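*Asks:* For reference, the structure I am asking about is given below.
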Amino acid sequence: MAEIRLEQLAHSYHGAPSNPADYALRPMDHVWEQGGAYALLGPSGCGKSTLLNIISGLLVPSEGRVLYDGKSVNDLTPQQRNIAQVFQFPVVYDTMTVHDNLAFPLRNQGQPRERIDARVREVAEALEIEPLLNRKAQNLTADEKQKVSMGRGLVRDDVAAILFDEPLTVIDPQLKWRLRRKLKEIHQRFNVTMVYVTHDQLEASTFADKIAVMYEGQIVQFGTPRELFENPQHTFVGYFIGSPGMNLLDIALGTSGVEFEGRALAVPEAAVARLRQRPEGRLQLGIRPEFVQLVAPEDADLHGYVDLIQDQGTFKIVDVRLETPSAPVIKVRLEEEAAVPDGRIGLHFPEAWQRFYIDDHLVEAADEDL
Amino acid sequence: MKTYNNKAWWLVLPVFVLVAFSAIIPMMTVVNYSVQDIFDPSTRYFVGTEWYREILADPRLHDSLVRQFIYSFCVLAIEVPLGIVVALSMPRRGLGVPFSLILLSLPLLVPWNVVGTIWQIIGREDIGLYGWILNSLGLDYNYASNPRDAWITVLVMDVWHWTSLVALLCYSGLRSIPDVYYQAARIDRASHWAVFRFIQLPKLKNVLLIAVMLRFMDSFMIYTEPFVLTGGGPGTATTFLSQTLTQMALGQFDLGRAAAFSLIYFLIILLVTWVFYTAMTHNDDKG
C-alpha cells in the first residue's frame, strides 16, 4: 500500500538522448495516490508500458526517481519493491495447478499455509475460477490463463500497488466487461492502488476514478473521465477521448476577433483578449461533436452541407462539410430521433463549449468566462 | 458433397517404396537369417527360435548388455545436466553468442574415429598431454591396462564430443522463452531455483526429450571410439553391444546368432526409447 510519486522521471532506450524524440518517456512529475484506481490511457507506442515497467522496477529509468511513500525505490528490484504486475498476455507456470499458481507469490514470501489457502480461495472466488483450482495450468484456455495471471497479481494483499498492462486483450468482450467490474469490486474491497494501462477509453473510464492520458512519452492530462471530456488540456486528449473526437479548426486572430478562413466567429470577448495576450503559435478552436448545434443558415457564422449520416444505434453522427475554401468536415453528434435538415445548414458553437488551443495546449478559461 | 476415393495413396507410395528399401527389406533379411541355419545358399535349415534361445543364454551378451546400460546411463547422467548448465551460462546477447555457438559446434564436426584417435594420443602416459600430467601428479593412469581408466577415457571422450549437442538444443529452447515469463517471476519474487524449476525446465521439456533420446540411441550404439582406443579392452572392459555383435557377425561369421542378436538389440532400443517418450509426455493430456 503506497503512494507512488514520479520525480523528473524520464527514460530513453538510447544511451544519451540529444533531442526529445529520443525519449521513450519525456521528463515528468506525477503522483498516484494510495488507494486510487487509475488508468493510463494512450495509443500504442506512447510509452505506457515503459512507464509501468519503470514503476514496477523491471526497467531502470535513465533519469529521475520513483518514490514509494516518499522513499526512492530506484535501486530496488521488483522483488524488493513488493509490487504486483499483470501482463498483456497470460503468464502461467505450466506444470503447476491453478491453486499452486495462485499460491506461488505467497509461498515465495514464506507465508503460513492456512493463510495462503484462505487467500487463494478468496481470489479464486472473486475471479470465478474456483472450479479450476485443481487443474493443471497448461491445459486452460487463454482467458482462463489470463484470469490466473490476474489472480497472481491480486493474491498478495500487502503490495505497494497492482499494475495492469492491458490485461484484458485476450479476453472475450462479454467477459471483459465482467472482469472489469470484478477488478473494480476487488479494488474497493482491498483498497490497494491500481494502475491500469489500456488504449481503450471505455475500458479506462469504467475502471478508473482518474485517467492519465499519455501521448508521445508524456502525460498530457490527468483527470476524471468527465474532465477529460469537457475540458481537454491538449488537442490529443480532445481527439483521443470521445466518439467521435473533438472537432478542431485552425483559427486566426483578426482585427475583429477570431476568424476561420476569413470568416469572423462569435467568440466571447474575454477569450479573444486572453488569446491576444499569449505568445503566438498555432491557434485552434475545439468543440466536441456533442455540443455543435445545427441551426437555420441565417443564425450562424459557418455554413455547410450534410456529407454523411452514420447511425450508431442510440445516436447518429452527422458529417457537415463547410463552405469555406479548405472545406473541412465538422462532426456533429445528434440524438437518434433528431431530424437532420436538408440543404444548406448553419452551425452554431455554444460559447460555453468552445475551447482554444495554442500549439496544442489549452488556453485556460477563467471561471467568469463560462 | 465431398467425393471419397483412394487416390491419395498414390502420393504416399514413394515414401512406402523408400521405407521398404531402406528399412523393411533389410530388416526382413535379418529376420530371415535369424530363423535359419545357413551353410551356403542351397544348404539351409529352418531352426525356429533356436538362435534366439541360444543368444539369450549367452553370457557374452549379458555382460555387454549390462556394460552397455551402465555406459548409456552414465552418458545421460553426465551430459544432460552438464548440457543444461552450459546452456544456462551461455551469453544471451552480444559477441559472445556467435563465439560460444561456434565453439560448441566444433566437437560435433569431428568424426568418431578422429575423436577416438585424439584421445588415444592425449591419454598416453608417455607423449599424451593428459596421460602425462595425470601420471606426473602421481595418479596411476593407463587406459590400455586398467579397465577403470579405459572406461573413464571412453566416457570423457563421449562427454567431450556430445555435450555440445545437448547444450545447443537447450540453448535454443531457453531462447524461445518470452521475457515476460522472467518478468512475471521477478514480480512474483521467485528464487533462481524456482525460475529454473517452474519456467525454464518445463519449457525445455520438449528439447530435452529429443536430447535424451538422441543421446540414448547414440550411446547405446557406440562402436568406433572404444574400438579405436583399446579395441574393446583391456580384456572386454569396453566391449559394448555393437562390438560384440560385429565380432559375432564378421569375426566368426555366425550370421544366424548375429541376426537374432541384432533384432534383440533393435527391440531393446525401441523399448527404452518408447519408455522415455511415454514417461516424459504422459502428463501432457492430464487435466
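Residue numbering restarts at 1 in every chain; chains get A, B, ... in the order shown in the C-alpha cells, and ligands count up from 1 in that same order.
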Tell me which protein, DNA and RNA residues are within 12 Å of A:Leu106, counting only C-alpha atoms, leaving out same-chain ones fewer than 2 positions away, and put them as a VMD selection string.

*Replies:* (chain A and resid 82 84 99 to 104 108 to 120 151 to 159) or (chain B and resid 187 to 190)

*Asks:* How about saving the chosen residues, N, CA and C atoms kept, as a tab-separated table (two decimals), in the first residue's frame?

*Replies:*
chain	number	residue	atom	x	y	z
A	82	ASN	N	8.06	-5.07	-3.75
A	82	ASN	CA	6.80	-5.71	-3.39
A	82	ASN	C	5.62	-5.13	-4.16
A	84	ALA	N	2.83	-5.82	-7.57
A	84	ALA	CA	2.25	-6.86	-8.43
A	84	ALA	C	2.02	-6.28	-9.81
A	99	HIS	N	-4.25	-23.72	-8.36
A	99	HIS	CA	-4.07	-23.39	-6.94
A	99	HIS	C	-2.62	-23.02	-6.64
A	100	ASP	N	-1.69	-23.84	-7.14
A	100	ASP	CA	-0.28	-23.57	-6.87
A	100	ASP	C	0.20	-22.30	-7.55
A	101	ASN	N	-0.35	-22.04	-8.74
A	101	ASN	CA	-0.03	-20.79	-9.42
A	101	ASN	C	-0.40	-19.60	-8.55
A	102	LEU	N	-1.62	-19.63	-8.02
A	102	LEU	CA	-2.09	-18.51	-7.21
A	102	LEU	C	-1.31	-18.43	-5.90
A	103	ALA	N	-0.92	-19.60	-5.38
A	103	ALA	CA	-0.22	-19.61	-4.09
A	103	ALA	C	1.24	-19.22	-4.24
A	104	PHE	N	1.76	-19.30	-5.47
A	104	PHE	CA	3.20	-19.14	-5.69
A	104	PHE	C	3.79	-17.85	-5.10
A	108	ASN	N	6.49	-17.81	-2.00
A	108	ASN	CA	7.81	-17.19	-2.11
A	108	ASN	C	8.07	-16.22	-0.97
A	109	GLN	N	6.98	-15.70	-0.38
A	109	GLN	CA	7.14	-14.81	0.77
A	109	GLN	C	7.23	-15.59	2.06
A	110	GLY	N	6.99	-16.90	1.96
A	110	GLY	CA	7.06	-17.73	3.15
A	110	GLY	C	5.87	-17.54	4.08
A	111	GLN	N	4.70	-17.31	3.53
A	111	GLN	CA	3.52	-17.14	4.38
A	111	GLN	C	3.01	-18.50	4.88
A	112	PRO	N	2.35	-18.50	6.03
A	112	PRO	CA	1.85	-19.78	6.56
A	112	PRO	C	0.77	-20.37	5.67
A	113	ARG	N	0.70	-21.69	5.69
A	113	ARG	CA	-0.14	-22.42	4.76
A	113	ARG	C	-1.62	-22.08	4.83
A	114	GLU	N	-2.15	-21.95	6.04
A	114	GLU	CA	-3.59	-21.69	6.18
A	114	GLU	C	-3.94	-20.34	5.55
A	115	ARG	N	-3.04	-19.39	5.76
A	115	ARG	CA	-3.27	-18.06	5.21
A	115	ARG	C	-3.25	-18.09	3.69
A	116	ILE	N	-2.29	-18.85	3.14
A	116	ILE	CA	-2.18	-18.96	1.69
A	116	ILE	C	-3.47	-19.55	1.13
A	117	ASP	N	-3.92	-20.65	1.75
A	117	ASP	CA	-5.13	-21.30	1.26
A	117	ASP	C	-6.32	-20.36	1.30
A	118	ALA	N	-6.42	-19.62	2.39
A	118	ALA	CA	-7.55	-18.70	2.53
A	118	ALA	C	-7.52	-17.63	1.44
A	119	ARG	N	-6.32	-17.07	1.21
A	119	ARG	CA	-6.19	-16.02	0.20
A	119	ARG	C	-6.50	-16.56	-1.20
A	120	VAL	N	-5.97	-17.75	-1.48
A	120	VAL	CA	-6.19	-18.34	-2.80
A	120	VAL	C	-7.69	-18.55	-3.04
A	151	GLY	N	-5.05	-13.32	-11.04
A	151	GLY	CA	-5.16	-13.81	-9.67
A	151	GLY	C	-3.83	-13.74	-8.94
A	152	ARG	N	-2.74	-14.06	-9.65
A	152	ARG	CA	-1.43	-14.00	-9.00
A	152	ARG	C	-1.08	-12.56	-8.62
A	153	GLY	N	-1.60	-11.61	-9.43
A	153	GLY	CA	-1.38	-10.21	-9.08
A	153	GLY	C	-2.18	-9.79	-7.87
A	154	LEU	N	-3.38	-10.37	-7.73
A	154	LEU	CA	-4.29	-9.91	-6.68
A	154	LEU	C	-4.07	-10.62	-5.35
A	155	VAL	N	-3.36	-11.74	-5.38
A	155	VAL	CA	-3.36	-12.61	-4.22
A	155	VAL	C	-2.57	-12.03	-3.04
A	156	ARG	N	-1.56	-11.23	-3.33
A	156	ARG	CA	-0.82	-10.63	-2.22
A	156	ARG	C	-1.55	-9.39	-1.75
A	157	ASP	N	-1.83	-9.30	-0.45
A	157	ASP	CA	-2.60	-8.12	-0.03
A	157	ASP	C	-1.71	-7.05	0.58
A	158	ASP	N	-0.39	-7.28	0.60
A	158	ASP	CA	0.49	-6.27	1.19
A	158	ASP	C	1.23	-5.48	0.13
A	159	VAL	N	0.85	-5.62	-1.16
A	159	VAL	CA	1.65	-4.99	-2.20
A	159	VAL	C	1.49	-3.47	-2.21
B	187	ILE	N	8.36	-10.37	-10.50
B	187	ILE	CA	7.25	-9.76	-9.77
B	187	ILE	C	6.75	-10.71	-8.68
B	188	ASP	N	6.71	-12.00	-9.00
B	188	ASP	CA	6.22	-12.99	-8.01
B	188	ASP	C	7.29	-13.34	-6.99
B	189	ARG	N	8.43	-12.71	-7.07
B	189	ARG	CA	9.55	-12.92	-6.15
B	189	ARG	C	10.05	-14.35	-6.15
B	190	ALA	N	10.10	-14.94	-7.34
B	190	ALA	CA	10.58	-16.32	-7.42
B	190	ALA	C	12.10	-16.35	-7.27

*Asks:* Up to 12 Å from chain A, what residues of chain B turn up? Count only C-alpha atoms and give them as a ChimeraX atom specification.

*Replies:* /B:177-205,283-287

*Asks:* Could you write out that same residue set with N, CA and C atoms as a short mmCIF file (atom, residue, chain, number, x, y, z; two decimals), in the first residue's frame?

*Replies:*
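Produced file out10.cif, reproduced below:
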data_model
loop_
_atom_site.label_atom_id
_atom_site.label_comp_id
_atom_site.auth_asym_id
_atom_site.auth_seq_id
_atom_site.Cartn_x
_atom_site.Cartn_y
_atom_site.Cartn_z
N ILE B 177 11.96 -18.84 -24.74
CA ILE B 177 11.08 -18.45 -23.63
C ILE B 177 10.91 -16.93 -23.65
N PRO B 178 9.67 -16.44 -23.76
CA PRO B 178 9.47 -14.98 -23.80
C PRO B 178 9.93 -14.31 -22.50
N ASP B 179 10.48 -13.10 -22.64
CA ASP B 179 10.96 -12.33 -21.49
C ASP B 179 9.92 -12.17 -20.40
N VAL B 180 8.66 -12.09 -20.82
CA VAL B 180 7.60 -11.77 -19.87
C VAL B 180 7.52 -12.84 -18.77
N TYR B 181 7.93 -14.08 -19.07
CA TYR B 181 7.94 -15.11 -18.03
C TYR B 181 8.92 -14.77 -16.93
N TYR B 182 10.09 -14.27 -17.35
CA TYR B 182 11.09 -13.90 -16.35
C TYR B 182 10.63 -12.67 -15.57
N GLN B 183 9.97 -11.75 -16.29
CA GLN B 183 9.46 -10.56 -15.60
C GLN B 183 8.42 -10.95 -14.57
N ALA B 184 7.50 -11.83 -14.97
CA ALA B 184 6.46 -12.26 -14.04
C ALA B 184 7.09 -12.95 -12.83
N ALA B 185 8.14 -13.72 -13.08
CA ALA B 185 8.79 -14.42 -11.97
C ALA B 185 9.43 -13.43 -11.01
N ARG B 186 9.99 -12.34 -11.56
CA ARG B 186 10.59 -11.34 -10.67
C ARG B 186 9.51 -10.68 -9.83
N ILE B 187 8.36 -10.37 -10.50
CA ILE B 187 7.25 -9.76 -9.77
C ILE B 187 6.75 -10.71 -8.68
N ASP B 188 6.71 -12.00 -9.00
CA ASP B 188 6.22 -12.99 -8.01
C ASP B 188 7.29 -13.34 -6.99
N ARG B 189 8.43 -12.71 -7.07
CA ARG B 189 9.55 -12.92 -6.15
C ARG B 189 10.05 -14.35 -6.15
N ALA B 190 10.10 -14.94 -7.34
CA ALA B 190 10.58 -16.32 -7.42
C ALA B 190 12.10 -16.35 -7.27
N SER B 191 12.60 -17.40 -6.62
CA SER B 191 14.05 -17.56 -6.48
C SER B 191 14.61 -18.06 -7.82
N HIS B 192 15.95 -18.01 -7.94
CA HIS B 192 16.58 -18.50 -9.17
C HIS B 192 16.23 -19.96 -9.40
N TRP B 193 16.23 -20.71 -8.29
CA TRP B 193 15.90 -22.12 -8.40
C TRP B 193 14.46 -22.28 -8.91
N ALA B 194 13.53 -21.48 -8.37
CA ALA B 194 12.13 -21.58 -8.79
C ALA B 194 11.97 -21.21 -10.26
N VAL B 195 12.73 -20.21 -10.71
CA VAL B 195 12.67 -19.83 -12.13
C VAL B 195 13.09 -21.02 -12.98
N PHE B 196 14.18 -21.69 -12.55
CA PHE B 196 14.65 -22.85 -13.30
C PHE B 196 13.61 -23.98 -13.26
N ARG B 197 13.12 -24.23 -12.05
CA ARG B 197 12.24 -25.38 -11.84
C ARG B 197 10.87 -25.20 -12.50
N PHE B 198 10.33 -23.98 -12.45
CA PHE B 198 8.94 -23.80 -12.89
C PHE B 198 8.80 -23.10 -14.24
N ILE B 199 9.87 -22.47 -14.72
CA ILE B 199 9.77 -21.81 -16.03
C ILE B 199 10.70 -22.50 -17.03
N GLN B 200 12.01 -22.51 -16.72
CA GLN B 200 12.95 -22.99 -17.72
C GLN B 200 12.82 -24.49 -17.97
N LEU B 201 12.80 -25.26 -16.90
CA LEU B 201 12.75 -26.71 -17.09
C LEU B 201 11.48 -27.16 -17.84
N PRO B 202 10.28 -26.68 -17.42
CA PRO B 202 9.09 -27.09 -18.18
C PRO B 202 9.14 -26.69 -19.65
N LYS B 203 9.71 -25.48 -19.92
CA LYS B 203 9.77 -25.04 -21.31
C LYS B 203 10.84 -25.81 -22.09
N LEU B 204 11.79 -26.41 -21.36
CA LEU B 204 12.84 -27.17 -22.03
C LEU B 204 12.43 -28.62 -22.26
N LYS B 205 11.26 -28.99 -21.75
CA LYS B 205 10.90 -30.39 -21.76
C LYS B 205 11.01 -31.02 -23.14
N ASN B 283 2.20 -36.70 -18.92
CA ASN B 283 1.46 -35.67 -18.18
C ASN B 283 0.69 -34.71 -19.07
N ASP B 284 1.06 -34.70 -20.36
CA ASP B 284 0.53 -33.68 -21.25
C ASP B 284 -0.99 -33.62 -21.33
N ASP B 285 -1.61 -34.80 -21.41
CA ASP B 285 -3.06 -34.73 -21.63
C ASP B 285 -3.87 -34.88 -20.36
N LYS B 286 -3.20 -34.86 -19.22
CA LYS B 286 -3.98 -34.91 -17.98
C LYS B 286 -4.44 -33.52 -17.60
N GLY B 287 -5.65 -33.45 -17.10
CA GLY B 287 -6.19 -32.13 -16.76
C GLY B 287 -5.96 -31.78 -15.32
#

*Asks:* If you run DSSP over the backbone, which residues in stretch 221-286 of chain A end up alpha helix (DSSP H)? Put them as an mmCIF file with N, CA and C atoms, in the first residue's frame.

*Replies:*
data_model
loop_
_atom_site.group_PDB
_atom_site.id
_atom_site.type_symbol
_atom_site.label_atom_id
_atom_site.label_comp_id
_atom_site.auth_asym_id
_atom_site.auth_seq_id
_atom_site.Cartn_x
_atom_site.Cartn_y
_atom_site.Cartn_z
ATOM 1 N N PRO A 225 -12.818 11.108 -15.931
ATOM 2 C CA PRO A 225 -13.321 10.962 -17.305
ATOM 3 C C PRO A 225 -14.096 12.210 -17.742
ATOM 4 N N ARG A 226 -14.829 12.808 -16.804
ATOM 5 C CA ARG A 226 -15.614 13.980 -17.147
ATOM 6 C C ARG A 226 -14.726 15.178 -17.502
ATOM 7 N N GLU A 227 -13.675 15.360 -16.724
ATOM 8 C CA GLU A 227 -12.745 16.458 -17.029
ATOM 9 C C GLU A 227 -12.101 16.271 -18.396
ATOM 10 N N LEU A 228 -11.744 15.019 -18.685
ATOM 11 C CA LEU A 228 -11.110 14.757 -19.975
ATOM 12 C C LEU A 228 -12.077 15.056 -21.108
ATOM 13 N N PHE A 229 -13.343 14.792 -20.849
ATOM 14 C CA PHE A 229 -14.336 15.014 -21.891
ATOM 15 C C PHE A 229 -14.646 16.509 -22.046
ATOM 16 N N GLU A 230 -14.876 17.162 -20.928
ATOM 17 C CA GLU A 230 -15.339 18.546 -21.015
ATOM 18 C C GLU A 230 -14.214 19.544 -21.219
ATOM 19 N N THR A 235 -4.890 19.035 -27.450
ATOM 20 C CA THR A 235 -5.722 18.631 -28.593
ATOM 21 C C THR A 235 -5.764 17.119 -28.745
ATOM 22 N N PHE A 236 -4.656 16.440 -28.312
ATOM 23 C CA PHE A 236 -4.661 14.985 -28.435
ATOM 24 C C PHE A 236 -5.752 14.360 -27.566
ATOM 25 N N VAL A 237 -5.927 14.939 -26.354
ATOM 26 C CA VAL A 237 -6.962 14.416 -25.458
ATOM 27 C C VAL A 237 -8.335 14.617 -26.103
ATOM 28 N N GLY A 238 -8.526 15.794 -26.695
ATOM 29 C CA GLY A 238 -9.788 16.075 -27.372
ATOM 30 C C GLY A 238 -10.057 15.079 -28.475
ATOM 31 N N TYR A 239 -9.000 14.763 -29.198
ATOM 32 C CA TYR A 239 -9.149 13.875 -30.341
ATOM 33 C C TYR A 239 -9.303 12.420 -29.909
ATOM 34 N N PHE A 240 -8.559 12.032 -28.832
ATOM 35 C CA PHE A 240 -8.496 10.614 -28.446
ATOM 36 C C PHE A 240 -9.694 10.199 -27.606
ATOM 37 N N GLU A 269 -15.678 37.880 -25.819
ATOM 38 C CA GLU A 269 -14.665 38.935 -25.821
ATOM 39 C C GLU A 269 -13.455 38.541 -24.973
ATOM 40 N N ALA A 270 -13.757 37.979 -23.792
ATOM 41 C CA ALA A 270 -12.696 37.648 -22.846
ATOM 42 C C ALA A 270 -11.720 36.652 -23.452
ATOM 43 N N ALA A 271 -12.271 35.689 -24.229
ATOM 44 C CA ALA A 271 -11.406 34.669 -24.835
ATOM 45 C C ALA A 271 -10.465 35.323 -25.827
ATOM 46 N N VAL A 272 -10.998 36.259 -26.633
ATOM 47 C CA VAL A 272 -10.169 36.954 -27.619
ATOM 48 C C VAL A 272 -9.062 37.717 -26.899
ATOM 49 N N ALA A 273 -9.429 38.377 -25.811
ATOM 50 C CA ALA A 273 -8.453 39.163 -25.069
ATOM 51 C C ALA A 273 -7.338 38.260 -24.550
ATOM 52 N N ARG A 274 -7.726 37.089 -24.031
ATOM 53 C CA ARG A 274 -6.707 36.166 -23.495
ATOM 54 C C ARG A 274 -5.783 35.676 -24.603
ATOM 55 N N LEU A 275 -6.384 35.382 -25.773
ATOM 56 C CA LEU A 275 -5.558 34.888 -26.876
ATOM 57 C C LEU A 275 -4.556 35.942 -27.311
ATOM 58 N N ARG A 276 -4.996 37.223 -27.271
ATOM 59 C CA ARG A 276 -4.093 38.297 -27.701
ATOM 60 C C ARG A 276 -2.903 38.439 -26.761
ATOM 61 N N GLN A 277 -3.113 38.087 -25.467
ATOM 62 C CA GLN A 277 -2.013 38.227 -24.507
ATOM 63 C C GLN A 277 -0.948 37.148 -24.679
#

*Asks:* List every residue of stretch 7-155 of chain B that DSSP, applied to the backbone of this structure, places in strand (DSSP E), and write the result as a list in words.

*Replies:*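 Matching residues for strand (DSSP E) in stretch 7-155 of chain B are Gln36, Asp37, Ile38, Phe39, Asp40, Thr43, Arg44, Tyr45 and Phe46 of chain B.
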
*Asks:* Give me the residues near stretch 120-123 of chain B as a ChimeraX atom specification, where near means some atom within 8 Å (using only C-alpha atoms) and where sequence neighbours in that chain fewer than 6 positions away do not count.

*Replies:* /B:129-132,142-143,153,228-229

*Asks:* Could you check the closest approach to B:Leu108 for each of B:Trp162, B:Phe227, B:Tyr71, B:Tyr277 and tell me which residue wins, using only C-alpha atoms?

*Replies:*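 Closest to B:Leu108, using only C-alpha atoms: B:Trp162.
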
*Asks:* Which of these residues is nearest to A:Ile287, using only C-alpha atoms: A:Asp250, A:Asp311, A:Glu261, A:Asp165?

*Replies:* A:Asp250

*Asks:* Can you tell me, as JSON, numbers by chain, what residues are no more than 9 Å from B:Phe261 when counting only C-alpha atoms, ignoring any on the same chain fewer than 6 positions away?

*Replies:* {"B": [34, 51, 52, 55, 56, 61, 245]}

*Asks:* Would you mind listing what lies within 12 Å of A:Pro328 as a list in words, with only C-alpha atoms counted and same-chain residues fewer than 4 positions away left out?

*Replies:*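 Near A:Pro328, the qualifying residues are Asn247, Leu248, Leu249, Asp250, Phe260, Glu261, Leu302, His303, Gly304, Tyr305, Val306, Asp307, Asp319, Val320, Arg321, Leu322, Glu323 and Thr324 of chain A.
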
*Asks:* Within 7 Å of A:Arg288, counting only C-alpha atoms, which residues show up once you throw out same-chain ones fewer than 4 positions away? Write them as a PyMOL selection string, please.

*Replies:* chain A and resi 245-247+292

*Asks:* Would you mind exporting C-alpha atoms of the selected residues as a PDB file, in the first residue's frame?

*Replies:*
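The result, written out as selection_20.pdb:
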ATOM      1  CA  GLY A 245     -13.212  13.030 -31.115  1.00  0.00           C
ATOM      2  CA  MET A 246     -13.246  16.798 -30.814  1.00  0.00           C
ATOM      3  CA  ASN A 247     -13.613  18.998 -33.903  1.00  0.00           C
ATOM      4  CA  VAL A 292     -22.322  21.555 -32.064  1.00  0.00           C
TER       5      VAL A 292
END

*Asks:* A:Ala161: which residues within 7 Å, counting only C-alpha atoms, same-chain residues fewer than 5 positions away excluded, as a list of chain:residue names?

*Replies:*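 What passes the distance filter is A:Met1, A:Ala2, A:Ile83, A:Ala84, A:Val192, A:Thr193, A:Met194.
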
*Asks:* Next, write the just-selected residues to a file, as a PDB file, in the first residue's frame, keeping C-alpha atoms as the atom set.

*Replies:*
ATOM      1  CA  MET A   1       0.000   0.000   0.000  1.00  0.00           C
ATOM      2  CA  ALA A   2       1.720   3.114  -1.077  1.00  0.00           C
ATOM      3  CA  ILE A  83       4.613  -4.816  -6.305  1.00  0.00           C
ATOM      4  CA  ALA A  84       2.249  -6.860  -8.429  1.00  0.00           C
ATOM      5  CA  VAL A 192      -4.995  -1.077  -2.949  1.00  0.00           C
ATOM      6  CA  THR A 193      -3.570   1.350  -5.514  1.00  0.00           C
ATOM      7  CA  MET A 194      -4.232   0.079  -9.028  1.00  0.00           C
TER       8      MET A 194
END
